[in-house]
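Asks: Dropping in model.cif, which is mmCIF, C-alpha atoms and all ligand atoms:
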data_target
loop_
_atom_site.label_atom_id
_atom_site.label_comp_id
_atom_site.auth_asym_id
_atom_site.auth_seq_id
_atom_site.Cartn_x
_atom_site.Cartn_y
_atom_site.Cartn_z
CA MET E 19 -0.79 -14.28 -9.04
CA ALA E 20 -4.09 -12.49 -8.61
CA THR E 21 -4.30 -9.55 -6.24
CA GLN E 22 -7.50 -8.12 -4.79
CA ASN E 23 -9.20 -5.00 -3.52
CA THR E 24 -12.82 -4.44 -2.62
CA ILE E 25 -14.22 -3.88 -6.13
CA THR E 26 -11.81 -5.54 -8.53
CA PHE E 27 -9.14 -8.13 -8.50
CA THR E 28 -6.31 -8.13 -11.00
CA ALA E 29 -5.52 -11.17 -13.12
CA TYR E 30 -3.66 -9.82 -16.12
CA ALA E 31 -3.98 -11.78 -19.37
CA THR E 32 -0.21 -11.67 -19.83
CA LYS E 33 -0.22 -14.19 -22.70
CA ASN E 34 -2.78 -12.22 -24.75
CA LEU E 35 -1.20 -10.42 -27.75
CA CYS E 36 -3.06 -7.25 -26.71
CA TYR E 37 -1.41 -7.27 -23.27
CA LYS E 38 1.97 -7.84 -24.94
CA ALA E 39 1.38 -4.98 -27.42
CA ALA E 40 0.72 -2.64 -24.44
CA GLN E 41 -0.16 0.29 -26.69
CA LYS E 42 -0.45 3.42 -24.54
CA MET E 43 -3.73 5.35 -24.81
CA PRO E 44 -3.50 8.83 -26.42
CA ASN E 45 -2.43 11.24 -23.64
CA GLY E 46 -2.10 8.18 -21.38
CA SER E 47 -5.72 8.45 -20.26
CA PRO E 48 -9.07 6.89 -21.24
CA ALA E 49 -11.71 9.11 -22.89
CA GLY E 50 -14.71 7.01 -21.80
CA ILE E 51 -15.96 3.54 -20.93
CA ILE E 52 -17.83 1.00 -23.06
CA ILE E 53 -20.05 -1.52 -21.29
CA HIS E 54 -20.36 -4.78 -23.23
CA SER E 55 -22.02 -8.07 -22.43
CA THR E 56 -20.65 -11.37 -23.62
CA GLY E 57 -23.54 -12.70 -25.72
CA ALA E 58 -23.23 -16.24 -24.35
CA ASN E 59 -25.02 -17.88 -21.43
CA ASN E 60 -22.16 -18.38 -18.97
CA PRO E 61 -22.01 -16.02 -15.99
CA ASN E 62 -18.86 -17.64 -14.56
CA LEU E 63 -15.61 -15.69 -14.59
CA TRP E 64 -13.56 -18.86 -15.08
CA ARG E 65 -14.84 -19.00 -18.67
CA TYR E 66 -12.80 -15.88 -19.55
CA VAL E 67 -10.39 -15.14 -16.67
CA ASP E 68 -7.32 -17.24 -15.89
CA ALA E 69 -7.30 -16.96 -12.09
CA PRO E 70 -8.27 -20.45 -10.84
CA ASP E 71 -7.71 -19.54 -7.16
CA ILE E 72 -10.52 -16.94 -7.33
CA CYS E 73 -12.65 -17.92 -10.34
CA GLY E 74 -12.28 -21.68 -10.42
CA GLU E 75 -10.51 -23.55 -13.18
CA ASN E 76 -11.34 -23.47 -16.88
CA LYS E 77 -10.96 -27.15 -17.77
CA TYR E 78 -11.26 -26.37 -21.48
CA GLY E 79 -8.52 -23.71 -21.69
CA THR E 80 -10.97 -21.29 -23.34
CA HIS E 81 -10.13 -18.30 -21.11
CA TRP E 82 -8.60 -15.16 -22.64
CA ASN E 83 -5.08 -15.58 -21.21
CA VAL E 84 -3.90 -16.96 -24.55
CA PRO E 85 -2.39 -15.08 -27.54
CA GLU E 86 -5.66 -15.06 -29.53
CA PRO E 87 -8.83 -16.12 -27.66
CA VAL E 88 -11.54 -17.99 -29.52
CA SER E 89 -14.36 -15.43 -29.68
CA GLY E 90 -17.99 -15.58 -30.80
CA ASN E 91 -17.04 -16.41 -34.40
CA GLY E 92 -15.41 -19.68 -33.24
CA LYS E 93 -11.95 -18.67 -34.47
CA PRO E 94 -8.76 -17.44 -32.73
CA THR E 95 -9.15 -13.66 -32.70
CA LYS E 96 -7.03 -10.68 -31.71
CA ILE E 97 -9.37 -9.62 -28.90
CA CYS E 98 -9.09 -8.45 -25.31
CA CYS E 99 -11.18 -6.22 -23.02
CA HIS E 100 -9.97 -4.52 -19.82
CA CYS E 101 -12.25 -6.28 -17.38
CA PHE E 102 -14.85 -9.02 -16.97
CA ILE E 103 -17.67 -8.92 -14.43
CA GLY E 104 -19.22 -12.25 -13.45
CA LYS E 105 -19.39 -14.91 -10.74
CA ASP E 106 -16.33 -16.17 -8.89
CA LYS E 107 -15.92 -19.79 -7.78
CA VAL E 108 -18.35 -19.34 -4.85
CA GLY E 109 -20.94 -17.48 -6.95
CA LYS E 110 -20.10 -13.96 -5.73
CA VAL E 111 -20.23 -11.26 -8.41
CA ARG E 112 -16.73 -9.80 -8.88
CA ALA E 113 -14.81 -7.67 -11.37
CA ALA E 114 -11.63 -9.12 -12.85
CA LYS E 115 -9.19 -6.65 -14.38
CA ILE E 116 -7.24 -8.40 -17.15
CA LEU E 117 -5.50 -5.38 -18.78
CA PRO E 118 -4.06 -2.19 -17.25
CA TRP E 119 -6.70 0.55 -17.55
CA ASN E 120 -4.45 2.92 -19.54
CA ILE E 121 -3.42 0.67 -22.43
CA CYS E 122 -5.56 0.21 -25.53
CA CYS E 123 -7.77 -2.88 -25.60
CA TRP E 124 -8.98 -4.73 -28.70
CA ASN E 125 -12.66 -5.24 -28.05
CA CYS E 126 -15.17 -3.11 -29.99
CA ALA E 127 -13.74 -3.43 -33.54
CA THR E 128 -14.27 -0.52 -35.94
CA GLY E 129 -17.17 1.63 -37.12
CA SER E 130 -17.60 4.16 -39.93
CA LYS E 131 -15.50 6.84 -38.18
CA GLY E 132 -12.88 4.76 -36.37
CA SER E 133 -12.51 2.70 -33.21
CA TYR E 134 -12.85 3.46 -29.52
CA ASN E 135 -10.13 0.84 -29.04
CA PHE E 136 -7.50 3.41 -30.00
CA SER E 137 -8.45 7.01 -30.74
CA PRO E 138 -10.09 8.15 -28.62
CA ALA E 139 -9.41 5.12 -26.42
CA TYR E 140 -12.14 3.79 -24.12
CA ILE E 141 -11.87 1.40 -21.16
CA GLN E 142 -14.01 -1.62 -22.08
CA ILE E 143 -15.81 -3.85 -19.60
CA GLU E 144 -17.53 -7.14 -20.49
CA ILE E 145 -20.35 -8.30 -18.22
CA CYS E 146 -20.80 -12.09 -18.40
CA GLU E 147 -24.32 -12.90 -19.55
CA ASP E 148 -26.48 -15.58 -17.98
CA ALA E 149 -29.89 -16.55 -19.40
CA LEU E 150 -30.93 -12.87 -18.91
CA THR E 151 -33.84 -13.77 -16.62
CA ASP E 152 -32.21 -13.61 -13.14
CA LYS E 153 -33.03 -10.18 -11.71
CA GLN E 154 -30.69 -10.56 -8.74
CA TYR E 155 -27.68 -11.36 -10.93
CA PHE E 156 -28.65 -8.52 -13.30
CA GLU E 157 -28.76 -6.03 -10.43
CA ASP E 158 -25.58 -7.32 -8.77
CA ALA E 159 -23.61 -7.26 -12.04
CA PHE E 160 -24.76 -3.82 -13.25
CA SER E 161 -24.48 -2.32 -9.77
CA LEU E 162 -20.86 -3.51 -9.57
CA ALA E 163 -20.18 -2.18 -13.09
CA ALA E 164 -21.58 1.22 -12.04
CA GLN E 165 -19.45 1.26 -8.87
CA LEU E 166 -16.39 0.47 -10.96
CA CYS E 167 -17.24 3.24 -13.47
CA ALA E 168 -17.66 5.74 -10.61
CA ARG E 169 -14.27 4.74 -9.23
CA LEU E 170 -12.63 4.99 -12.67
CA MET E 171 -14.09 8.49 -13.15
CA LYS E 172 -12.30 9.51 -9.95
CA SER E 173 -9.02 7.93 -11.10
CA TYR E 174 -9.33 9.39 -14.62
CA PRO E 175 -11.08 12.79 -14.65
CA THR E 176 -10.95 12.64 -18.49
CA ILE E 177 -13.93 10.23 -18.28
CA LYS E 178 -17.25 12.10 -18.30
CA VAL E 179 -20.47 10.22 -17.50
CA GLU E 180 -21.93 11.00 -20.96
CA ASN E 181 -19.04 8.98 -22.39
CA ILE E 182 -19.98 5.87 -20.44
CA ILE E 183 -21.81 4.06 -23.22
CA SER E 184 -22.83 0.64 -24.45
CA HIS E 185 -21.31 -1.15 -27.45
CA LYS E 186 -24.58 -0.40 -29.27
CA GLU E 187 -24.19 3.33 -28.54
CA ALA E 188 -20.51 3.20 -29.61
CA HIS E 189 -21.67 1.77 -32.95
CA ALA E 190 -24.30 4.50 -33.29
CA ARG E 191 -21.51 7.07 -32.83
CA GLY E 192 -19.48 5.36 -35.60
CA TYR E 193 -16.70 3.90 -33.43
CA ALA E 194 -17.56 0.21 -33.03
CA SER E 195 -18.93 -2.82 -34.87
CA ASN E 196 -22.68 -3.31 -35.18
CA HIS E 197 -23.65 -5.09 -31.94
CA GLY E 198 -26.66 -4.71 -29.64
CA ASP E 199 -24.98 -5.24 -26.25
CA CYS E 200 -25.64 -4.56 -23.50
CA ASP E 201 -28.90 -2.67 -24.28
CA HIS E 202 -30.75 -5.93 -25.10
CA TRP E 203 -30.07 -7.18 -21.53
CA LEU E 204 -31.04 -3.88 -19.90
CA ALA E 205 -34.31 -3.90 -21.87
CA LYS E 206 -35.24 -7.32 -20.39
CA PHE E 207 -35.59 -5.54 -17.03
CA GLY E 208 -37.12 -2.32 -18.38
CA LYS E 209 -33.83 -0.38 -18.17
CA ASN E 210 -31.54 1.45 -20.60
CA MET E 211 -28.15 3.15 -20.64
CA ASP E 212 -29.62 6.37 -19.21
CA TRP E 213 -30.61 4.29 -16.18
CA PHE E 214 -27.06 2.92 -16.02
CA ARG E 215 -25.50 6.39 -16.23
CA ALA E 216 -27.80 7.55 -13.40
CA LEU E 217 -26.65 4.48 -11.45
CA VAL E 218 -23.02 5.55 -11.98
CA ASN E 219 -23.89 9.02 -10.66
CA SER E 220 -25.43 7.44 -7.56
CA GLY E 221 -22.31 5.35 -6.92
CA GLY E 222 -23.93 2.09 -8.03
CA VAL E 223 -26.65 1.82 -5.40
CA ILE E 224 -29.90 0.31 -6.73
CA GLU E 225 -32.81 1.54 -4.62
CA THR E 226 -35.73 -0.88 -4.26
CA LYS E 227 -39.15 0.57 -3.47
CA TYR E 228 -41.32 -1.29 -0.96
CA LYS E 229 -44.92 -0.70 -0.02
CA VAL E 230 -45.94 -1.74 3.49
CA ILE E 231 -49.58 -2.54 4.08
CA GLY E 232 -50.64 -3.10 7.68
CA THR E 233 -53.72 -5.08 8.69
CA LYS E 234 -53.40 -5.17 12.48
CA THR E 235 -56.26 -3.68 14.46
CA VAL E 236 -54.72 -1.34 17.04
CA SER E 237 -55.66 1.45 19.42
CA LYS E 238 -55.23 5.05 18.33
CA ASP E 239 -52.20 5.41 20.63
CA LYS E 240 -50.48 2.33 19.18
CA LEU E 241 -51.23 3.56 15.68
CA ASN E 242 -49.65 6.93 16.41
CA GLU E 243 -46.59 5.20 17.83
CA ALA E 244 -46.24 3.03 14.70
CA GLN E 245 -46.66 6.04 12.45
CA VAL E 246 -43.86 7.90 14.22
CA GLN E 247 -41.53 4.93 13.81
CA LEU E 248 -42.40 4.38 10.15
CA LYS E 249 -42.02 8.06 9.32
CA ALA E 250 -38.62 8.08 11.03
CA LEU E 251 -37.62 5.33 8.59
CA GLY E 252 -38.74 7.48 5.65
CA PHE E 253 -42.11 5.83 4.93
CA SER E 254 -45.04 7.98 3.96
CA VAL E 255 -47.95 6.64 6.03
CA THR E 256 -51.65 6.69 5.26
CA THR E 257 -54.22 5.03 7.51
CA GLU E 258 -57.82 4.03 7.17
CA THR E 259 -60.39 2.64 9.57
CA VAL E 260 -61.49 -0.98 9.19
ZN ZN P 301 -19.80 -5.78 -27.28
#
Here is the file; what I need is its structure written in the form of structure tokens.
Ligand SMILES: [Zn+2]

Replies:
Amino acid sequence: MATQNTITFTAYATKNLCYKAAQKMPNGSPAGIIIHSTGANNPNLWRYVDAPDICGENKYGTHWNVPEPVSGNGKPTKICCHCFIGKDKVGKVRAAKILPWNICCWNCATGSKGSYNFSPAYIQIEICEDALTDKQYFEDAFSLAAQLCARLMKSYPTIKVENIISHKEAHARGYASNHGDCDHWLAKFGKNMDWFRALVNSGGVIETKYKVIGTKTVSKDKLNEAQVQLKALGFSVTTETV
């Protein structure tokens, strides 16, 4: 049965061989976090998470609560991440925890020096991709991922922000297979992992900048009044005569 809190809900993939293996992380604590994205256009959590009451039902049985999920290569694979971020059954962006944070997942494969699945062991989060053109979904999903990372850094002080990296960066360090996620998605919106790490440091709040241009003709007194109010809201105000 799924349980919930404000950021994540838990729906453990108890049938997955990785959950059953339950290999403890070295020192019982994660050394960092890898942010992945799924590489397939389906932003719905039901695709991967077996929690029909929250996510909706996967009519095809292709979620990851099976011994070996069918992954991108089309074959049953020993694979499991810690968490998926995507849309629940009403379209709200949520984080679904499918493994305990402090056991090793099987998600980034191996690079030239080893694997961040095991040693050192990283928490690994998959963000469900859509068509990579919806800015609102992009911001909601990455903002939630950053909030979750900030919370995990509090729970596990062994996680430093410089060790919150993408799969692509994990490969560059020699500890993961050669994939481009999630940098390719970030790049679609002019962002990169440095932006994401800054977002983690700010607690996941994406600031939007607005420019207000007024065209109303007003008296000097009314103008002064408006300026005071706008400045109190943090706007920098310039005026010109028309
Ligand atoms: Zn990946």

Asks: Would you pick out the contacts of stretch 129-139 of chain E at 7 Å or less, using only C-alpha atoms, so that residues sharing its chain but fewer than 2 positions from it are not included, and give the list as an MDAnalysis selection string?

Replies: chainID E and resid 43:44 48:49 122:127 141 189 192:195

Asks: Which is closer to E:Tyr37 than all the others in E:Ala58, E:Ala69, E:Leu117, E:Ile53, using only C-alpha atoms?

Replies: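 Of all the options, E:Leu117 lies closest to E:Tyr37.
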
Asks: Which chains and residue numbers are within 12 Å of ligand ZN 301 (chain P), counting all atoms listed in the file, if I want them as a PyMOL selection string?

Replies: chain E and resi 51-58+89-90+97-99+102+124-128+134-135+142-147+183-189+193-203

Asks: Give me, please, the distance in Å between atom CA of E:Arg65 and atom CA of E:His100, quoted to one decimal.

Replies: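 Atom-to-atom, atom CA of E:Arg65 to atom CA of E:His100, that is 15.3 Å.
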
Asks: What residues have an atom no more than 9 Å from (-13.8, 5.2, -15.8) in the file's own frame, counting only C-alpha atoms, and can you write them as a CSV table (one decimal) with C-alpha atoms, keeping the file's coordinate frame?

Replies:
chain,number,residue,atom,x,y,z
E,48,PRO,CA,-9.1,6.9,-21.2
E,49,ALA,CA,-11.7,9.1,-22.9
E,50,GLY,CA,-14.7,7.0,-21.8
E,51,ILE,CA,-16.0,3.5,-20.9
E,119,TRP,CA,-6.7,0.6,-17.6
E,140,TYR,CA,-12.1,3.8,-24.1
E,141,ILE,CA,-11.9,1.4,-21.2
E,166,LEU,CA,-16.4,0.5,-11.0
E,167,CYS,CA,-17.2,3.2,-13.5
E,168,ALA,CA,-17.7,5.7,-10.6
E,169,ARG,CA,-14.3,4.7,-9.2
E,170,LEU,CA,-12.6,5.0,-12.7
E,171,MET,CA,-14.1,8.5,-13.2
E,172,LYS,CA,-12.3,9.5,-10.0
E,173,SER,CA,-9.0,7.9,-11.1
E,174,TYR,CA,-9.3,9.4,-14.6
E,175,PRO,CA,-11.1,12.8,-14.6
E,176,THR,CA,-11.0,12.6,-18.5
E,177,ILE,CA,-13.9,10.2,-18.3
E,178,LYS,CA,-17.2,12.1,-18.3
E,179,VAL,CA,-20.5,10.2,-17.5
E,182,ILE,CA,-20.0,5.9,-20.4

Asks: For E:Ala40, which of E:Leu241, E:Ile121, E:Leu150, E:Ala114 is the closest residue, counting all atoms listed in the file?

Replies: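 The closest residue to E:Ala40 is E:Ile121.
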
Asks: Atom CA of E:Asn181 to atom CA of E:Val218: how many Å, to one decimal?

Replies: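 About the pair atom CA of E:Asn181 and atom CA of E:Val218: they are 11.7 Å apart.
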
Asks: Please report the interatomic distance between atom CA of E:Ala29 and atom CA of E:Val67 in Å with one decimal.

Replies: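 Separation of atom CA of E:Ala29 and atom CA of E:Val67: 7.2 Å.
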